[in-house]
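Novice: To be precise about what I am sending: the file is called upload07.json and holds JSON, C-alpha atoms and all ligand atoms.
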[["chain", "number", "residue", "atom", "x", "y", "z"],
["A", 1, "ARG", "CA", 38.93, 12.49, 29.07],
["A", 2, "ARG", "CA", 36.50, 14.81, 27.37],
["A", 3, "ARG", "CA", 32.74, 14.60, 27.52],
["A", 4, "LEU", "CA", 31.26, 12.62, 24.64],
["A", 5, "ASN", "CA", 28.00, 13.88, 23.15],
["A", 6, "THR", "CA", 26.80, 10.39, 22.32],
["A", 7, "GLU", "CA", 24.33, 7.87, 23.72],
["A", 8, "ILE", "CA", 25.71, 4.64, 22.27],
["A", 9, "PHE", "CA", 29.32, 5.06, 21.23],
["A", 10, "GLY", "CA", 31.89, 5.41, 23.98],
["A", 11, "ARG", "CA", 29.84, 3.74, 26.73],
["A", 12, "ARG", "CA", 32.96, 1.72, 27.11],
["A", 13, "ILE", "CA", 36.47, 2.63, 25.96],
["A", 14, "GLU", "CA", 39.36, 0.20, 25.56],
["A", 15, "TYR", "CA", 42.72, 1.84, 25.00],
["A", 16, "PHE", "CA", 45.87, 0.13, 23.73],
["A", 17, "ARG", "CA", 49.27, 1.67, 23.34],
["A", 18, "LEU", "CA", 50.15, -1.11, 20.92],
["A", 19, "THR", "CA", 48.05, -3.87, 19.40],
["A", 20, "SER", "CA", 47.91, -6.00, 16.28],
["A", 21, "SER", "CA", 44.68, -4.40, 15.13],
["A", 22, "THR", "CA", 41.73, -2.68, 16.80],
["A", 23, "MET", "CA", 39.49, -4.92, 14.63],
["A", 24, "ASP", "CA", 40.99, -8.00, 16.34],
["A", 25, "GLU", "CA", 40.57, -6.46, 19.78],
["A", 26, "ALA", "CA", 36.94, -5.61, 19.01],
["A", 27, "GLU", "CA", 36.27, -9.18, 17.84],
["A", 28, "TYR", "CA", 37.82, -10.51, 21.01],
["A", 29, "LEU", "CA", 35.63, -8.20, 23.13],
["A", 30, "ILE", "CA", 32.50, -9.43, 21.36],
["A", 31, "GLU", "CA", 33.50, -13.05, 21.98],
["A", 32, "LYS", "CA", 34.14, -12.66, 25.66],
["A", 33, "ASP", "CA", 31.48, -10.16, 26.68],
["A", 34, "GLU", "CA", 27.81, -9.69, 25.87],
["A", 35, "ASN", "CA", 27.61, -6.09, 26.92],
["A", 36, "VAL", "CA", 29.65, -4.38, 24.23],
["A", 37, "ASP", "CA", 27.21, -2.40, 22.11],
["A", 38, "GLY", "CA", 28.80, 1.03, 21.64],
["A", 39, "ALA", "CA", 32.23, -0.01, 22.88],
["A", 40, "ILE", "CA", 35.16, 1.69, 21.20],
["A", 41, "VAL", "CA", 38.67, 0.32, 20.84],
["A", 42, "ILE", "CA", 41.48, 2.82, 20.39],
["A", 43, "ALA", "CA", 45.13, 2.14, 19.63],
["A", 44, "GLU", "CA", 48.15, 4.37, 19.49],
["A", 45, "GLU", "CA", 49.94, 2.05, 17.08],
["A", 46, "GLN", "CA", 49.01, -1.15, 15.19],
["A", 47, "THR", "CA", 51.36, -3.84, 13.98],
["A", 48, "SER", "CA", 48.86, -5.38, 11.52],
["A", 49, "GLY", "CA", 46.34, -2.68, 10.77],
["A", 50, "ARG", "CA", 44.19, -3.82, 7.91],
["A", 51, "GLY", "CA", 42.18, -2.37, 5.06],
["A", 52, "ARG", "CA", 39.75, -4.09, 2.76],
["A", 53, "GLN", "CA", 40.64, -7.41, 1.13],
["A", 54, "LYS", "CA", 43.41, -8.04, 3.66],
["A", 55, "ARG", "CA", 45.33, -5.02, 2.43],
["A", 56, "LYS", "CA", 47.58, -3.39, 4.96],
["A", 57, "TRP", "CA", 46.83, -0.13, 6.77],
["A", 58, "LEU", "CA", 50.13, 1.41, 7.84],
["A", 59, "SER", "CA", 49.66, 2.39, 11.46],
["A", 60, "PRO", "CA", 52.79, 3.92, 12.90],
["A", 61, "GLN", "CA", 52.89, 5.66, 16.23],
["A", 62, "GLY", "CA", 52.60, 9.35, 15.48],
["A", 63, "GLU", "CA", 49.43, 10.70, 16.95],
["A", 64, "ASN", "CA", 47.05, 9.27, 14.42],
["A", 65, "VAL", "CA", 43.65, 7.67, 14.99],
["A", 66, "TYR", "CA", 43.15, 3.91, 14.84],
["A", 67, "VAL", "CA", 39.70, 3.01, 16.12],
["A", 68, "SER", "CA", 37.07, 0.27, 15.95],
["A", 69, "LEU", "CA", 33.47, 0.71, 17.09],
["A", 70, "ILE", "CA", 31.17, -2.12, 18.06],
["A", 71, "PHE", "CA", 27.59, -1.66, 16.99],
["A", 72, "LYS", "CA", 24.70, -4.06, 17.55],
["A", 73, "PRO", "CA", 21.84, -2.73, 15.46],
["A", 74, "LYS", "CA", 18.30, -3.83, 16.14],
["A", 75, "GLY", "CA", 16.78, -5.56, 13.14],
["A", 76, "MET", "CA", 19.06, -4.19, 10.43],
["A", 77, "ASN", "CA", 19.29, -6.14, 7.18],
["A", 78, "VAL", "CA", 22.73, -7.25, 6.01],
["A", 79, "SER", "CA", 22.12, -5.38, 2.77],
["A", 80, "ASP", "CA", 22.04, -2.14, 4.79],
["A", 81, "SER", "CA", 25.58, -2.54, 6.09],
["A", 82, "ILE", "CA", 26.88, -0.53, 3.14],
["A", 83, "ALA", "CA", 24.90, 2.39, 4.59],
["A", 84, "LEU", "CA", 26.98, 2.04, 7.78],
["A", 85, "MET", "CA", 30.11, 2.15, 5.64],
["A", 86, "PHE", "CA", 28.92, 5.31, 3.89],
["A", 87, "ALA", "CA", 27.77, 6.85, 7.18],
["A", 88, "ILE", "CA", 31.14, 6.51, 8.92],
["A", 89, "SER", "CA", 32.92, 8.04, 5.89],
["A", 90, "ILE", "CA", 30.44, 10.93, 5.91],
["A", 91, "ALA", "CA", 30.98, 11.42, 9.66],
["A", 92, "ILE", "CA", 34.77, 11.52, 9.15],
["A", 93, "LYS", "CA", 34.39, 13.98, 6.27],
["A", 94, "GLU", "CA", 32.19, 16.25, 8.40],
["A", 95, "ALA", "CA", 34.59, 16.12, 11.36],
["A", 96, "LEU", "CA", 37.56, 16.91, 9.10],
["A", 97, "SER", "CA", 35.81, 20.16, 8.10],
["A", 98, "ASP", "CA", 35.67, 21.13, 11.80],
["A", 99, "PHE", "CA", 39.46, 21.04, 11.78],
["A", 100, "GLY", "CA", 40.00, 23.07, 8.64],
["A", 101, "VAL", "CA", 40.14, 20.27, 6.06],
["A", 102, "GLU", "CA", 37.37, 21.63, 3.87],
["A", 103, "ASP", "CA", 37.85, 19.70, 0.67],
["A", 104, "ALA", "CA", 37.73, 16.09, 1.84],
["A", 105, "LYS", "CA", 35.73, 13.83, -0.49],
["A", 106, "ILE", "CA", 34.67, 10.20, -0.37],
["A", 107, "LYS", "CA", 35.99, 7.75, -2.92],
["A", 108, "TRP", "CA", 33.60, 4.89, -3.54],
["A", 109, "PRO", "CA", 32.87, 3.12, -1.37],
["A", 110, "ASN", "CA", 34.51, 4.57, 1.70],
["A", 111, "ASP", "CA", 37.97, 6.09, 1.51],
["A", 112, "VAL", "CA", 38.24, 9.72, 2.55],
["A", 113, "MET", "CA", 40.52, 11.70, 0.23],
["A", 114, "VAL", "CA", 41.90, 15.19, -0.06],
["A", 115, "ASN", "CA", 42.93, 16.09, -3.61],
["A", 116, "ASP", "CA", 42.87, 12.39, -4.46],
["A", 117, "LYS", "CA", 45.20, 11.53, -1.57],
["A", 118, "LYS", "CA", 43.91, 9.23, 1.13],
["A", 119, "ILE", "CA", 43.57, 10.83, 4.56],
["A", 120, "ALA", "CA", 41.36, 8.13, 6.12],
["A", 121, "GLY", "CA", 40.38, 4.55, 5.42],
["A", 122, "VAL", "CA", 37.32, 2.66, 6.61],
["A", 123, "LEU", "CA", 36.62, -1.01, 7.11],
["A", 124, "VAL", "CA", 33.30, -2.52, 8.19],
["A", 125, "GLU", "CA", 33.12, -6.18, 9.22],
["A", 126, "THR", "CA", 29.77, -7.73, 10.03],
["A", 127, "LYS", "CA", 28.22, -10.88, 11.35],
["A", 128, "SER", "CA", 24.67, -11.87, 10.57],
["A", 129, "GLU", "CA", 22.01, -14.49, 11.24],
["A", 130, "SER", "CA", 19.26, -15.18, 8.69],
["A", 131, "GLY", "CA", 19.99, -11.97, 6.85],
["A", 132, "ILE", "CA", 19.83, -9.78, 9.97],
["A", 133, "LEU", "CA", 22.99, -8.10, 11.29],
["A", 134, "SER", "CA", 23.97, -9.33, 14.73],
["A", 135, "HIS", "CA", 26.88, -6.93, 14.98],
["A", 136, "ALA", "CA", 29.11, -4.66, 12.96],
["A", 137, "ILE", "CA", 32.68, -3.69, 13.73],
["A", 138, "ILE", "CA", 33.31, -0.31, 12.18],
["A", 139, "GLY", "CA", 37.01, 0.43, 11.88],
["A", 140, "PHE", "CA", 38.79, 3.53, 10.67],
["A", 141, "GLY", "CA", 42.27, 4.91, 10.49],
["A", 142, "ILE", "CA", 42.88, 8.62, 10.10],
["A", 143, "ASN", "CA", 46.22, 10.23, 9.40],
["A", 144, "VAL", "CA", 46.06, 13.05, 11.89],
["A", 145, "ASN", "CA", 49.26, 14.57, 13.24],
["A", 146, "MET", "CA", 51.70, 12.59, 11.12],
["A", 147, "GLU", "CA", 54.10, 15.15, 9.62],
["A", 148, "HIS", "CA", 55.59, 12.94, 6.91],
["A", 149, "MET", "CA", 54.13, 10.04, 4.99],
["A", 150, "PRO", "CA", 56.11, 6.81, 4.86],
["A", 151, "ASP", "CA", 57.87, 6.49, 1.49],
["A", 152, "GLU", "CA", 55.47, 3.89, 0.09],
["A", 153, "LEU", "CA", 52.53, 6.28, 0.63],
["A", 154, "LYS", "CA", 54.18, 9.56, -0.36],
["A", 155, "ASP", "CA", 52.21, 10.07, -3.56],
["A", 156, "LYS", "CA", 48.89, 8.70, -2.42],
["A", 157, "ALA", "CA", 48.31, 9.69, 1.18],
["A", 158, "THR", "CA", 48.14, 12.78, 3.36],
["A", 159, "SER", "CA", 47.33, 13.83, 6.94],
["A", 160, "ILE", "CA", 45.45, 16.65, 8.64],
["A", 161, "LYS", "CA", 48.77, 18.12, 9.78],
["A", 162, "ILE", "CA", 50.18, 18.05, 6.25],
["A", 163, "GLU", "CA", 47.02, 19.67, 4.84],
["A", 164, "THR", "CA", 46.49, 22.38, 7.44],
["A", 165, "GLY", "CA", 49.76, 22.72, 9.36],
["A", 166, "ILE", "CA", 47.74, 22.43, 12.55],
["A", 167, "HIS", "CA", 48.21, 19.92, 15.34],
["A", 168, "VAL", "CA", 44.81, 18.39, 16.13],
["A", 169, "ASP", "CA", 43.52, 17.18, 19.49],
["A", 170, "ARG", "CA", 42.52, 13.61, 18.70],
["A", 171, "ALA", "CA", 40.00, 13.26, 21.53],
["A", 172, "THR", "CA", 37.98, 16.17, 20.13],
["A", 173, "LEU", "CA", 38.24, 14.84, 16.58],
["A", 174, "LEU", "CA", 37.03, 11.40, 17.68],
["A", 175, "SER", "CA", 34.24, 12.82, 19.80],
["A", 176, "ASN", "CA", 32.98, 14.84, 16.80],
["A", 177, "ILE", "CA", 33.12, 11.78, 14.53],
["A", 178, "LEU", "CA", 31.15, 9.69, 17.03],
["A", 179, "PHE", "CA", 28.56, 12.43, 17.41],
["A", 180, "TYR", "CA", 28.07, 12.78, 13.63],
["A", 181, "PHE", "CA", 28.04, 9.02, 13.13],
["A", 182, "GLU", "CA", 25.41, 8.49, 15.80],
["A", 183, "ASN", "CA", 23.23, 11.16, 14.20],
["A", 184, "LEU", "CA", 23.61, 9.50, 10.80],
["A", 185, "ILE", "CA", 22.54, 6.18, 12.31],
["A", 186, "LYS", "CA", 19.46, 7.88, 13.75],
["A", 187, "MET", "CA", 18.81, 9.33, 10.29],
["A", 188, "LEU", "CA", 19.17, 5.85, 8.80],
["A", 189, "ASP", "CA", 16.64, 4.49, 11.31],
["A", 190, "ARG", "CA", 14.21, 7.31, 10.65],
["A", 191, "ASP", "CA", 14.53, 8.02, 6.93],
["A", 192, "GLY", "CA", 16.11, 4.86, 5.48],
["A", 193, "LYS", "CA", 19.27, 4.46, 3.47],
["A", 194, "LYS", "CA", 18.24, 6.85, 0.69],
["A", 195, "ALA", "CA", 19.00, 9.77, 3.04],
["A", 196, "ILE", "CA", 22.51, 8.43, 3.68],
["A", 197, "PHE", "CA", 23.04, 7.67, -0.01],
["A", 198, "ASP", "CA", 22.05, 11.25, -0.91],
["A", 199, "LEU", "CA", 24.65, 12.66, 1.50],
["A", 200, "TRP", "CA", 27.22, 10.24, 0.11],
["A", 201, "ARG", "CA", 26.44, 11.53, -3.41],
["A", 202, "LYS", "CA", 26.94, 15.09, -2.21],
["A", 203, "TYR", "CA", 30.38, 14.31, -0.76],
["A", 204, "ASN", "CA", 31.81, 11.79, -3.23],
["A", 205, "ASN", "CA", 34.71, 12.30, -5.66],
["A", 206, "THR", "CA", 33.99, 9.28, -7.85],
["A", 207, "LEU", "CA", 30.79, 9.81, -9.83],
["A", 208, "GLY", "CA", 31.36, 11.30, -13.26],
["A", 209, "ARG", "CA", 34.97, 10.15, -13.40],
["A", 210, "LYS", "CA", 36.75, 7.60, -15.51],
["A", 211, "VAL", "CA", 37.62, 4.61, -13.36],
["A", 212, "GLU", "CA", 39.38, 1.31, -13.65],
["A", 213, "VAL", "CA", 37.76, -1.56, -11.78],
["A", 214, "LEU", "CA", 39.96, -4.31, -10.43],
["A", 215, "SER", "CA", 38.45, -7.58, -9.28],
["A", 216, "ASP", "CA", 39.45, -11.22, -9.01],
["A", 217, "LYS", "CA", 37.55, -12.03, -12.17],
["A", 218, "GLU", "CA", 38.33, -9.19, -14.54],
["A", 219, "ASN", "CA", 39.54, -5.62, -14.93],
["A", 220, "PHE", "CA", 37.70, -3.03, -16.96],
["A", 221, "SER", "CA", 37.36, 0.72, -17.25],
["A", 222, "GLY", "CA", 34.47, 3.07, -17.81],
["A", 223, "PHE", "CA", 32.66, 6.08, -16.33],
["A", 224, "ALA", "CA", 31.32, 5.95, -12.80],
["A", 225, "LYS", "CA", 27.67, 6.92, -13.32],
["A", 226, "ASP", "CA", 25.85, 6.51, -10.04],
["A", 227, "ILE", "CA", 25.27, 4.19, -7.12],
["A", 228, "ASP", "CA", 22.26, 1.88, -7.20],
["A", 229, "GLU", "CA", 19.69, 1.25, -4.44],
["A", 230, "ASN", "CA", 22.17, -1.10, -2.75],
["A", 231, "GLY", "CA", 25.07, 1.36, -2.84],
["A", 232, "PHE", "CA", 26.86, -0.56, -5.57],
["A", 233, "LEU", "CA", 28.74, 1.48, -8.15],
["A", 234, "LEU", "CA", 27.30, 1.63, -11.67],
["A", 235, "VAL", "CA", 30.01, 1.92, -14.30],
["A", 236, "ASP", "CA", 29.16, 2.80, -17.88],
["A", 237, "ILE", "CA", 31.29, 0.98, -20.44],
["A", 238, "GLY", "CA", 30.28, 2.38, -23.81],
["A", 239, "GLY", "CA", 26.58, 2.33, -22.93],
["A", 240, "ASN", "CA", 26.71, -0.97, -21.06],
["A", 241, "ILE", "CA", 26.17, -0.58, -17.34],
["A", 242, "LYS", "CA", 28.19, -2.81, -15.05],
["A", 243, "LYS", "CA", 27.57, -3.15, -11.34],
["A", 244, "VAL", "CA", 30.59, -3.04, -9.04],
["A", 245, "ILE", "CA", 30.26, -4.60, -5.58],
["A", 246, "THR", "CA", 32.24, -3.50, -2.54],
["A", 247, "ALA", "CA", 34.65, -6.44, -2.67],
["A", 248, "GLU", "CA", 36.07, -4.84, -5.80],
["A", 249, "SER", "CA", 38.41, -1.88, -6.03],
["A", 250, "VAL", "CA", 38.22, 1.26, -8.08],
["A", 251, "ARG", "CA", 41.10, 3.36, -9.31],
["A", 252, "PHE", "CA", 40.95, 6.72, -11.05],
["A", 253, "VAL", "CA", 42.41, 6.85, -14.53],
["B", 1, "LIG", "P1", 43.26, 1.14, -2.69],
["B", 1, "LIG", "O1", 43.35, 2.43, -1.93],
["B", 1, "LIG", "O2", 44.57, 0.44, -2.80],
["B", 1, "LIG", "O3", 42.51, 1.27, -3.97],
["B", 1, "LIG", "P2", 41.17, 0.30, -0.95],
["B", 1, "LIG", "O4", 40.36, 1.45, -1.34],
["B", 1, "LIG", "O5", 40.46, -0.99, -0.86],
["B", 1, "LIG", "O6", 42.42, 0.11, -1.87],
["B", 1, "LIG", "P3", 41.84, -0.04, 1.78],
["B", 1, "LIG", "O7", 41.90, -1.50, 1.60],
["B", 1, "LIG", "O8", 40.74, 0.55, 2.58],
["B", 1, "LIG", "O9", 41.90, 0.69, 0.41],
["B", 1, "LIG", "O10", 43.23, 0.46, 2.40],
["B", 1, "LIG", "C1", 44.46, -0.18, 2.10],
["B", 1, "LIG", "C2", 45.26, 0.65, 1.13],
["B", 1, "LIG", "O11", 45.42, 1.98, 1.60],
["B", 1, "LIG", "C3", 46.68, 0.12, 1.02],
["B", 1, "LIG", "O12", 46.77, -0.76, -0.05],
["B", 1, "LIG", "C4", 47.54, 1.37, 0.80],
["B", 1, "LIG", "O13", 47.61, 1.69, -0.57],
["B", 1, "LIG", "C5", 46.75, 2.46, 1.46],
["B", 1, "LIG", "N1", 47.24, 2.79, 2.83],
["B", 1, "LIG", "C6", 47.78, 1.99, 3.76],
["B", 1, "LIG", "N2", 48.05, 2.64, 4.88],
["B", 1, "LIG", "C7", 47.66, 3.92, 4.69],
["B", 1, "LIG", "C8", 47.68, 5.10, 5.49],
["B", 1, "LIG", "N3", 48.13, 5.13, 6.74],
["B", 1, "LIG", "N4", 47.20, 6.24, 4.92],
["B", 1, "LIG", "C9", 46.73, 6.26, 3.65],
["B", 1, "LIG", "N5", 46.68, 5.19, 2.87],
["B", 1, "LIG", "C10", 47.14, 4.02, 3.37]]
Taking this structure as input, can you express it in the form of structure tokens?

Specialist:
Amino acid sequence: RRRLNTEIFGRRIEYFRLTSSTMDEAEYLIEKDENVDGAIVIAEEQTSGRGRQKRKWLSPQGENVYVSLIFKPKGMNVSDSIALMFAISIAIKEALSDFGVEDAKIKWPNDVMVNDKKIAGVLVETKSESGILSHAIIGFGINVNMEHMPDELKDKATSIKIETGIHVDRATLLSNILFYFENLIKMLDRDGKKAIFDLWRKYNNTLGRKVEVLSDKENFSGFAKDIDENGFLLVDIGGNIKKVITAESVRFV
């Protein structure tokens, strides 16, 4: 095990060769144990890895990263949880650069893409009381050393190995992500979410592009203009601005 340069994340490490989902394992840890702030759950393979809206995250064995972090913030409003989502994507983007993936960008709200192919996905699940977060489970899957994408993802996903040809040491990658993420959380504490939102703007691949928005209620397309003070996406449809919340999905057209 390598030395982690963090204060919170990695205080405790739970490792599974195979599990249904690191999100489930993290939930279970929170239920049975009080002392879990900063715990990380790692799996080598997941049978039911999940993305947003119960979508599936393919998680074959193959030296990838499937991780969930438990975070118990002190006095953070629920409305700030989107900043956690942005922060983990930014941390992954920064760590990818350390391994030679220079052109990773963030698709709103939180997928990490290289040339419009997904290299990492993020999922944040939270629990709150009276508008204050009691905990967040921050999950991410990164395609790391996978040499070939499964057929169903061929056109829309990639891995570090495919992009760079280099085999990556996952412990170092994860340790870098945790270090960057912890620093971003400190920045959030100190400077507020605007600082995180500004970094997100710098790294995103969505603003300025034509997008199609898919939700339960309706589908529409327009130009992604900006994010608002809550992190929601503002889409311009012929001069009319529509707000897109994180439960909805965006596709490039
Ligand atoms: P979408 O990418 O479909 O617009 P989304 O942004 O909400 O949806 P998530 O819910 O975070 O994405 O991730 C689930 C989606 O990611 C799946 O529907 C599938 O298209 C894609 N996916 C699943 N497994 C992987 C993987 N290992 N690598 C890259 N993409 C994956």

Novice: When the cut-off is 8 Å and you count only C-alpha atoms and all ligand atoms, which residues lie near ligand LIG 1 (chain B), shown as a PyMOL selection string?

Specialist: chain A and resi 50-60+107-111+117-123+141-143+149+153+156-159+248-251

Novice: Only C-alpha atoms, please: the residues just picked out, written as a PDB file, in the frame of the given file.

Specialist:
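So the final result, stored in selection.pdb, reads:
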ATOM      1  CA  ARG A  50      44.190  -3.820   7.910  1.00  0.00           C
ATOM      2  CA  GLY A  51      42.180  -2.370   5.060  1.00  0.00           C
ATOM      3  CA  ARG A  52      39.750  -4.090   2.760  1.00  0.00           C
ATOM      4  CA  GLN A  53      40.640  -7.410   1.130  1.00  0.00           C
ATOM      5  CA  LYS A  54      43.410  -8.040   3.660  1.00  0.00           C
ATOM      6  CA  ARG A  55      45.330  -5.020   2.430  1.00  0.00           C
ATOM      7  CA  LYS A  56      47.580  -3.390   4.960  1.00  0.00           C
ATOM      8  CA  TRP A  57      46.830  -0.130   6.770  1.00  0.00           C
ATOM      9  CA  LEU A  58      50.130   1.410   7.840  1.00  0.00           C
ATOM     10  CA  SER A  59      49.660   2.390  11.460  1.00  0.00           C
ATOM     11  CA  PRO A  60      52.790   3.920  12.900  1.00  0.00           C
ATOM     12  CA  LYS A 107      35.990   7.750  -2.920  1.00  0.00           C
ATOM     13  CA  TRP A 108      33.600   4.890  -3.540  1.00  0.00           C
ATOM     14  CA  PRO A 109      32.870   3.120  -1.370  1.00  0.00           C
ATOM     15  CA  ASN A 110      34.510   4.570   1.700  1.00  0.00           C
ATOM     16  CA  ASP A 111      37.970   6.090   1.510  1.00  0.00           C
ATOM     17  CA  LYS A 117      45.200  11.530  -1.570  1.00  0.00           C
ATOM     18  CA  LYS A 118      43.910   9.230   1.130  1.00  0.00           C
ATOM     19  CA  ILE A 119      43.570  10.830   4.560  1.00  0.00           C
ATOM     20  CA  ALA A 120      41.360   8.130   6.120  1.00  0.00           C
ATOM     21  CA  GLY A 121      40.380   4.550   5.420  1.00  0.00           C
ATOM     22  CA  VAL A 122      37.320   2.660   6.610  1.00  0.00           C
ATOM     23  CA  LEU A 123      36.620  -1.010   7.110  1.00  0.00           C
ATOM     24  CA  GLY A 141      42.270   4.910  10.490  1.00  0.00           C
ATOM     25  CA  ILE A 142      42.880   8.620  10.100  1.00  0.00           C
ATOM     26  CA  ASN A 143      46.220  10.230   9.400  1.00  0.00           C
ATOM     27  CA  MET A 149      54.130  10.040   4.990  1.00  0.00           C
ATOM     28  CA  LEU A 153      52.530   6.280   0.630  1.00  0.00           C
ATOM     29  CA  LYS A 156      48.890   8.700  -2.420  1.00  0.00           C
ATOM     30  CA  ALA A 157      48.310   9.690   1.180  1.00  0.00           C
ATOM     31  CA  THR A 158      48.140  12.780   3.360  1.00  0.00           C
ATOM     32  CA  SER A 159      47.330  13.830   6.940  1.00  0.00           C
ATOM     33  CA  GLU A 248      36.070  -4.840  -5.800  1.00  0.00           C
ATOM     34  CA  SER A 249      38.410  -1.880  -6.030  1.00  0.00           C
ATOM     35  CA  VAL A 250      38.220   1.260  -8.080  1.00  0.00           C
ATOM     36  CA  ARG A 251      41.100   3.360  -9.310  1.00  0.00           C
TER      37      ARG A 251
END

Novice: Rank nothing, just name the residue among A:Ala136, A:Leu207, A:Asp103, A:Ser175 nearest to Glu163 in chain A, using all atoms listed in the file.

Specialist: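 Among the listed residues, the smallest separation from Glu163 in chain A belongs to A:Asp103.
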
Novice: In Å, how far is it from CA of Pro73 in chain A to CA of Asp189 in chain A?

Specialist: 9.8 Å

Novice: Interatomic distance between CA of Leu29 in chain A and CA of Ala43 in chain A?

Specialist: 14.5 Å

Novice: So the first atom is CA of His148 in chain A and the second is CA of Ile177 in chain A; what is the distance between them in Å, to one decimal place?

Specialist: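 Going from CA of His148 in chain A over to CA of Ile177 in chain A, I get 23.8 Å.
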
Novice: From the set A:Gln61, A:Thr47, A:Ser130, A:Asn77, which residue has the shortest atom-to-atom contact distance to Met146 in chain A, counting only C-alpha atoms?

Specialist: A:Gln61

Novice: Enclose the full set of atoms of range 82-89 of chain A listed in the file within a box whose edges lie along x, y and z, apply 5 Å of padding to each of the six sides, and report centre and edge lengths in Å to one decimal as AutoDock Vina command-line options.

Specialist:
--center_x 28.9 --center_y 3.8 --center_z 6.0 --size_x 18.0 --size_y 18.6 --size_z 15.8

Novice: From the set A:Phe16, A:Phe197, A:Tyr28, A:Phe181, which residue has the shortest atom-to-atom contact distance to Glu45 in chain A, counting only C-alpha atoms?

Specialist: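 Looking at the shortest contact to Glu45 in chain A, the residue is A:Phe16.
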
Novice: From (37.3, 2.4, 20.6), in the file's coordinates, out to 8 Å: which residues are reached, counting all atoms listed in the file? Answer as a list in words.

Specialist: Gly10, Arg12, Ile13, Glu14, Tyr15, Thr22, Ala39, Ile40, Val41, Ile42, Ala43, Val67, Ser68 and Leu69 of chain A

Novice: Rank A:Phe99, A:Phe86, A:Phe252, A:Phe9 by their smallest atom-to-atom distance to Arg170 in chain A, using all atoms listed in the file, and report the top residue only.

Specialist: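 With all atoms listed in the file as the atom set, the closest residue is A:Phe99.
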
Novice: Find the residues around Ile241 in chain A up to 9 Å (all atoms listed in the file counted), leave out those fewer than 6 positions away in its own chain, and share them as a list in words.

Specialist: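 Close residues of Ile241 in chain A: Lys225, Leu234 and Val235 of chain A.
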
Novice: As a PyMOL selection string, please: the residues near Leu199 in chain A (cut-off 12 Å, all atoms listed in the file, same-chain neighbours under 5 positions excluded).

Specialist: chain A and resi 83+86-91+93-94+105-106+184+187-188+193-194+204

Novice: Between A:Arg17, A:Arg11, A:Lys32, A:Lys127, single out the one closest to Val65 in chain A, counting all atoms listed in the file.

Specialist: A:Arg17

Novice: Would you pick out the contacts of Val253 in chain A at 9 Å or less, using all atoms listed in the file, so that residues sharing its chain but fewer than 2 positions from it are not included, and give the list as a CSV table (one decimal) with C-alpha atoms, in the frame of the given file?

Specialist:
chain,number,residue,atom,x,y,z
A,209,ARG,CA,35.0,10.2,-13.4
A,210,LYS,CA,36.8,7.6,-15.5
A,211,VAL,CA,37.6,4.6,-13.4
A,212,GLU,CA,39.4,1.3,-13.6
A,221,SER,CA,37.4,0.7,-17.2
A,251,ARG,CA,41.1,3.4,-9.3
